[in-house]
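Participant: Here it is, the structure in full.
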Number of protein chains: 2
Amino acid sequence: MIKIDDRFFPSAVKEKVAAYASLAVESLKHLQKGAGVHSTMAGWYNFPQHTGFTLEADLKGFVDNIDQFYDCVVVIGIGGSSLGAKAVFDALTHKYVSSVKTIHKPLLFLGDNISERAFIETMDLLSHKSPFVVAISKSGTTTEPAIGLRVMRDWLKQKYPGSPVSERLAVITDKTSGALRKYAEAKQIPSFVIPGNVGGRFSVLTAVGLVPLALCGIDVHNLLKGADQLFKELGKDGSSEHPVLKYACLRHAAYEAGYPLEIMAYNEPQLKAFCDWYKQLFGESHGKSGKGVFPSELMMTTDLHSLGQFIQEGKRLFFETFLSFKDPFPRRSGVERNLRVPKAPGESDDLAYLESRLIREVNDTAMDGTMVAHADGGVPCMKLALEELNEKNLGYLIAFFEVACAVGGDLLNVNPYDQPGVESYKQNLYGLLGKPGFEKYGEQIKKRLHG
Amino acid sequence: MIKIDDRFFPSAVKEKVAAYASLAVESLKHLQKGAGVHSTMAGWYNFPQHTGFTLEADLKGFVDNIDQFYDCVVVIGIGGSSLGAKAVFDALTHKYVSSVKTIHKPLLFLGDNISERAFIETMDLLSHKSPFVVAISKSGTTTEPAIGLRVMRDWLKQKYPGSPVSERLAVITDKTSGALRKYAEAKQIPSFVIPGNVGGRFSVLTAVGLVPLALCGIDVHNLLKGADQLFKELGKDGSSEHPVLKYACLRHAAYEAGYPLEIMAYNEPQLKAFCDWYKQLFGESHGKSGKGVFPSELMMTTDLHSLGQFIQEGKRLFFETFLSFKDPFPRRSGVERNLRVPKAPGESDDLAYLESRLIREVNDTAMDGTMVAHADGGVPCMKLALEELNEKNLGYLIAFFEVACAVGGDLLNVNPYDQPGVESYKQNLYGLLGKPGFEKYGEQIKKRLHG
């Protein structure tokens, strides 16, 4: 379902791919068997067959039985608890889903930062809305969503006095332990499970992503079907020629050849959030021990008028992956809508040669032209090409990047499932704010900051 | 108005700053005199005094005299013609400006890409709206906005039959030449001028940014005042100790020391578009001749849960600039709104130590804690600190980055005003789509792409 085009990757880099092929195949086998580094946290692999399709059925029952009217869904979560749902939602829904009539309910976020302004402005909006809320956190003690849940609970109690919070709130958390599980049990709040063997950034096709997406009206069945198809393909033929292993090897070869940055170029702006998801997946999985490809992006054609100059002629640092959907317009209602460049006889705007052409054709061609131009500028370029931007292809693509990321970790010799570095700033924050147990550490940090 | 804190920049890098100081001072003098590379395209320097305040008065008259009701403003433009207005608008307005009651009218964009889906979905939204449109292009022949203008004109004629397009459209273009100027004259459309000596990425405080912003209800006077203050300061004391020259020298020293990437970290999500503007400014100005610092970003605290791990422990590539507004909540109506962490006695979410504190205090502290953590991880860190996020400080900050960018070009020995590399992909696009004059070139490219 994904075609990989590496003709614009330099031969000198491509030649190195063979050296990584057997390691990539071995890594895939470990992943499939749950061996090596993949022994404890690779529960995302084959998740649709293992749990996903069963969860989907439960989820359908849950959504159908909500008897409170809701006109939007609010996710309280950060990082792996918010990026996946946003990635899928934006890719598949109308850009102005809040303002036009569509089959989807808007998806909002709270507690995905600590901006006081973001909190206040989101609550402003909600005062006109009738939300259903999903709080997502494995521990229940992550600062941002924990604040978000407190703010939201108080607001629900005030807006719907007399109604228990459980009518408009579901939680997704650890099966047995943690603050959020405890809270859900005490208040009889409906809950779903974050599997113990799936980390946040690999969790989009578990309850973490599927619950909010199903509540918004997204077809989660086909998302799972798409991912399942990749796992099935790899079960039958996990050779180094499969595009997913080829992609993992190409990006590793580029890294080893001195290109420590990947630019993910896409030409449908609604894939912006998908790109944010990709950045977390690869950045957090590989960025450790002084290694890793720094993930970056290019929204086409917008950013060609911004970063295009640098990519063409600036410091050589990066390789570029073009993500192309032939038809980026998910069909929502059976009505196909095409937009062509309008005619304007005699106009001097230089567009006569484009008149009556589909705008998507111009957009597609711009991607091809850009790939050739950047390659000529010394940027190793490859393309991942898919057909229609729909649930199934998106599910496939998610699994594709997850597998490439896991295998890439083995090529790089890092554990793709840990994130040892994220504690540093949290400790400083706790120390500076005087969290019990961090007082002494806080004194040191304060001295460094304020003399 | 900006304090620069470089205590967490490594001494070994800071020591190099002295070597660039005199070159930076000289560059500023050239900028002020319009000498050297600044002889033809530095019209943005001192623009408020030279033209801006006069323009502001004209603009007020223009906005006051529009006699059609409009409930949103649509900018047709790309790159320097859209990023600046969006940067300022988002920073100063409500996150949900389209859905809540505010003093501002929403700002929308068309023709800032070639996505057929974006075109169709934006026109969907407009079918419920009553827009005022601003088309911005120096030549009038840039593909994306030229398509946008054709689509919009046809739509206006259909929606308001019998009314001339000039009732709801203004153009901003070259004073005398180009397709858009020609069109405006033929149809008697109100127009404003893109100064010939100001390039797109330096144009936000000319008509390019000010017209749409004023139409939306932004206080453009104070934007200009803020920028003017920086130019006045530099006129009196352009020493290398001024924060703007210090910033230019520090980032150049970091680049020379082997950090080819800058991460701009900000902790108010509504500054996202400002960061996109910064990326164009520095990326397009410095990314040439195989040189330049690649501009990147970190939206705090969201991206700490995504790229935080890489920044802390991944491949060492970057230095980091923390952009801090002490109060990121522009006061809009004289009513101050503070949000504190709600109390929840007995809750096990680990937030007891934060109860009743202002959320902005937690957010501020997270930035300080992060800066220390990343510095400890080997990332050169500095902070640019401002007070309230308002029109005046934002105008000052825009001028600050523009000056730092112009001076930085001299340090790097590149012309910050040209963009020779952006023609490459356009030629390929024209060739592939068969634009007259590019047919032969197109054959070559087609052969490379399709064999």
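Convention: chains lettered A, B, ... in structure tokens order; per-chain residue numbering from 1; ligands numbered from 1 as shown.
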List every residue of chain B that has an atom at most 6 Å from any atom of chain A, giving for each one its closest atom pair and the distance in Å to one decimal, counting only C-alpha atoms, sorted by chain and then by ascending residue number, as JSON lines.

Facilitator:
{"residue": "B:Gly79", "atom": "CA", "partner": "A:His305", "partner_atom": "CA", "distance": 4.7}
{"residue": "B:Asp112", "atom": "CA", "partner": "A:Thr302", "partner_atom": "CA", "distance": 5.7}
{"residue": "B:Asn113", "atom": "CA", "partner": "A:Thr301", "partner_atom": "CA", "distance": 5.0}
{"residue": "B:Ile114", "atom": "CA", "partner": "A:Asn363", "partner_atom": "CA", "distance": 5.3}
{"residue": "B:Ser115", "atom": "CA", "partner": "A:Glu268", "partner_atom": "CA", "distance": 5.9}
{"residue": "B:Glu116", "atom": "CA", "partner": "A:Arg360", "partner_atom": "CA", "distance": 5.2}
{"residue": "B:Arg117", "atom": "CA", "partner": "A:Phe329", "partner_atom": "CA", "distance": 5.8}
{"residue": "B:Gly140", "atom": "CA", "partner": "A:Asp349", "partner_atom": "CA", "distance": 5.9}
{"residue": "B:Thr141", "atom": "CA", "partner": "A:Asp349", "partner_atom": "CA", "distance": 4.7}
{"residue": "B:Ala179", "atom": "CA", "partner": "A:Ser348", "partner_atom": "CA", "distance": 5.4}
{"residue": "B:Glu268", "atom": "CA", "partner": "A:Ser115", "partner_atom": "CA", "distance": 5.9}
{"residue": "B:Gln280", "atom": "CA", "partner": "A:Ser306", "partner_atom": "CA", "distance": 4.2}
{"residue": "B:Gly283", "atom": "CA", "partner": "A:Leu307", "partner_atom": "CA", "distance": 5.6}
{"residue": "B:Glu284", "atom": "CA", "partner": "A:Gln309", "partner_atom": "CA", "distance": 5.3}
{"residue": "B:Gly287", "atom": "CA", "partner": "A:Gly314", "partner_atom": "CA", "distance": 3.8}
{"residue": "B:Lys288", "atom": "CA", "partner": "A:Gly314", "partner_atom": "CA", "distance": 4.1}
{"residue": "B:Ser289", "atom": "CA", "partner": "A:Glu313", "partner_atom": "CA", "distance": 5.9}
{"residue": "B:Gly290", "atom": "CA", "partner": "A:Lys315", "partner_atom": "CA", "distance": 4.1}
{"residue": "B:Lys291", "atom": "CA", "partner": "A:Lys315", "partner_atom": "CA", "distance": 4.2}
{"residue": "B:Gly292", "atom": "CA", "partner": "A:Lys315", "partner_atom": "CA", "distance": 5.6}
{"residue": "B:Thr301", "atom": "CA", "partner": "A:Asn113", "partner_atom": "CA", "distance": 5.0}
{"residue": "B:Thr302", "atom": "CA", "partner": "A:Asn113", "partner_atom": "CA", "distance": 5.1}
{"residue": "B:His305", "atom": "CA", "partner": "A:Gly79", "partner_atom": "CA", "distance": 4.7}
{"residue": "B:Ser306", "atom": "CA", "partner": "A:Gln280", "partner_atom": "CA", "distance": 4.2}
{"residue": "B:Leu307", "atom": "CA", "partner": "A:Gly283", "partner_atom": "CA", "distance": 5.6}
{"residue": "B:Gln309", "atom": "CA", "partner": "A:Gly421", "partner_atom": "CA", "distance": 5.1}
{"residue": "B:Phe310", "atom": "CA", "partner": "A:Gly287", "partner_atom": "CA", "distance": 4.0}
{"residue": "B:Gln312", "atom": "CA", "partner": "A:Gly421", "partner_atom": "CA", "distance": 5.6}
{"residue": "B:Glu313", "atom": "CA", "partner": "A:Lys288", "partner_atom": "CA", "distance": 4.7}
{"residue": "B:Gly314", "atom": "CA", "partner": "A:Gly287", "partner_atom": "CA", "distance": 3.8}
{"residue": "B:Lys315", "atom": "CA", "partner": "A:Gly290", "partner_atom": "CA", "distance": 4.1}
{"residue": "B:Phe329", "atom": "CA", "partner": "A:Arg117", "partner_atom": "CA", "distance": 5.8}
{"residue": "B:Ser348", "atom": "CA", "partner": "A:Ala179", "partner_atom": "CA", "distance": 5.4}
{"residue": "B:Asp349", "atom": "CA", "partner": "A:Thr141", "partner_atom": "CA", "distance": 4.7}
{"residue": "B:Asp350", "atom": "CA", "partner": "A:Thr141", "partner_atom": "CA", "distance": 5.8}
{"residue": "B:Tyr353", "atom": "CA", "partner": "A:Lys435", "partner_atom": "CA", "distance": 5.7}
{"residue": "B:Ile359", "atom": "CA", "partner": "A:Glu116", "partner_atom": "CA", "distance": 5.3}
{"residue": "B:Arg360", "atom": "CA", "partner": "A:Glu116", "partner_atom": "CA", "distance": 5.2}
{"residue": "B:Asn363", "atom": "CA", "partner": "A:Ile114", "partner_atom": "CA", "distance": 5.3}
{"residue": "B:Ala366", "atom": "CA", "partner": "A:Leu429", "partner_atom": "CA", "distance": 5.4}
{"residue": "B:Gly369", "atom": "CA", "partner": "A:Asn428", "partner_atom": "CA", "distance": 4.7}
{"residue": "B:Thr370", "atom": "CA", "partner": "A:Tyr425", "partner_atom": "CA", "distance": 4.8}
{"residue": "B:Ala373", "atom": "CA", "partner": "A:Tyr425", "partner_atom": "CA", "distance": 5.1}
{"residue": "B:Gly421", "atom": "CA", "partner": "A:Gln309", "partner_atom": "CA", "distance": 5.1}
{"residue": "B:Val422", "atom": "CA", "partner": "A:Gln309", "partner_atom": "CA", "distance": 5.3}
{"residue": "B:Ser424", "atom": "CA", "partner": "A:Ala373", "partner_atom": "CA", "distance": 5.6}
{"residue": "B:Tyr425", "atom": "CA", "partner": "A:Thr370", "partner_atom": "CA", "distance": 4.8}
{"residue": "B:Asn428", "atom": "CA", "partner": "A:Gly369", "partner_atom": "CA", "distance": 4.7}
{"residue": "B:Leu429", "atom": "CA", "partner": "A:Gly369", "partner_atom": "CA", "distance": 5.1}
{"residue": "B:Lys435", "atom": "CA", "partner": "A:Tyr353", "partner_atom": "CA", "distance": 5.8}

Participant: Can you check which residues of region 5-188 of chain B DSSP gives as strand (DSSP E) on the backbone and send them as a ChimeraX atom specification?

Facilitator: /B:5,72-76,107-110,131-136,169-173

Participant: Work out how far CA of Ala19 (chain A) is from CA of Pro380 (chain A), in Å to one decimal.

Facilitator: 18.4 Å

Participant: Could you name the residues that touch Leu271 (chain A) at 7 Å or less, counting only C-alpha atoms, but leaving out those on the same chain fewer than 3 positions away, as a list in words?

Facilitator: Asp90, Ala91, Glu268, Phe274 and Cys275 of chain A

Participant: The selected residues should be written to file as an mmCIF file, in the first residue's frame (atoms: all heavy atoms).

Facilitator:
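Now in result_34.cif:
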data_model
loop_
_atom_site.group_PDB
_atom_site.id
_atom_site.type_symbol
_atom_site.label_atom_id
_atom_site.label_comp_id
_atom_site.auth_asym_id
_atom_site.auth_seq_id
_atom_site.Cartn_x
_atom_site.Cartn_y
_atom_site.Cartn_z
ATOM 1 N N ASP A 90 -7.355 15.324 12.428
ATOM 2 C CA ASP A 90 -7.132 16.400 11.461
ATOM 3 C C ASP A 90 -7.011 15.852 10.039
ATOM 4 O O ASP A 90 -7.537 16.449 9.089
ATOM 5 C CB ASP A 90 -5.860 17.185 11.809
ATOM 6 C CG ASP A 90 -6.087 18.167 12.940
ATOM 7 O OD1 ASP A 90 -7.168 18.118 13.551
ATOM 8 O OD2 ASP A 90 -5.184 18.979 13.223
ATOM 9 N N ALA A 91 -6.315 14.724 9.888
ATOM 10 C CA ALA A 91 -6.106 14.183 8.541
ATOM 11 C C ALA A 91 -7.431 13.833 7.870
ATOM 12 O O ALA A 91 -7.561 13.944 6.656
ATOM 13 C CB ALA A 91 -5.208 12.948 8.613
ATOM 14 N N GLU A 268 -0.500 18.152 2.013
ATOM 15 C CA GLU A 268 -1.867 18.402 2.464
ATOM 16 C C GLU A 268 -1.772 18.998 3.881
ATOM 17 O O GLU A 268 -1.368 18.308 4.813
ATOM 18 C CB GLU A 268 -2.664 17.092 2.462
ATOM 19 C CG GLU A 268 -4.021 17.167 3.119
ATOM 20 C CD GLU A 268 -4.774 18.424 2.763
ATOM 21 O OE1 GLU A 268 -4.965 18.678 1.572
ATOM 22 O OE2 GLU A 268 -5.144 19.185 3.678
ATOM 23 N N PHE A 274 -0.351 15.054 11.895
ATOM 24 C CA PHE A 274 0.250 13.740 11.682
ATOM 25 C C PHE A 274 1.772 13.862 11.758
ATOM 26 O O PHE A 274 2.466 13.012 12.328
ATOM 27 C CB PHE A 274 -0.172 13.165 10.323
ATOM 28 C CG PHE A 274 0.334 11.775 10.100
ATOM 29 C CD1 PHE A 274 -0.349 10.687 10.630
ATOM 30 C CD2 PHE A 274 1.511 11.546 9.410
ATOM 31 C CE1 PHE A 274 0.135 9.394 10.465
ATOM 32 C CE2 PHE A 274 2.000 10.257 9.239
ATOM 33 C CZ PHE A 274 1.310 9.173 9.767
ATOM 34 N N CYS A 275 2.280 14.937 11.207
ATOM 35 C CA CYS A 275 3.714 15.174 11.232
ATOM 36 C C CYS A 275 4.205 15.434 12.667
ATOM 37 O O CYS A 275 5.302 15.031 13.028
ATOM 38 C CB CYS A 275 4.032 16.330 10.301
ATOM 39 S SG CYS A 275 5.656 16.196 9.597
#

Participant: Show which residues sit within 12 Å of Ala184 (chain B), as a PyMOL selection string. Count only C-alpha atoms, and ignore same-chain residues fewer than 2 positions away.

Facilitator: (chain A and resi 347-348) or (chain B and resi 134-136+140+165-166+169-182+186-193)

Participant: Figure out the distance between CA of Lys14 (chain A) and CA of His450 (chain B), please, to one decimal in Å.

Facilitator: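 Computed distance, CA of His450 (chain B) to CA of Lys14 (chain A), equals 20.0 Å.
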
Participant: What does the distance between CA of Val63 (chain A) and CA of Val211 (chain A) come to in Å, to one decimal place?

Facilitator: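 So the answer is 8.7 Å.
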
Participant: Tell me which protein, DNA and RNA residues are within 6 Å of Met382 (chain A), counting only C-alpha atoms, leaving out same-chain ones fewer than 3 positions away, and put them as a list in words.

Facilitator: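 Answer for this query is Asp5, Asp6 and Thr321 of chain A.
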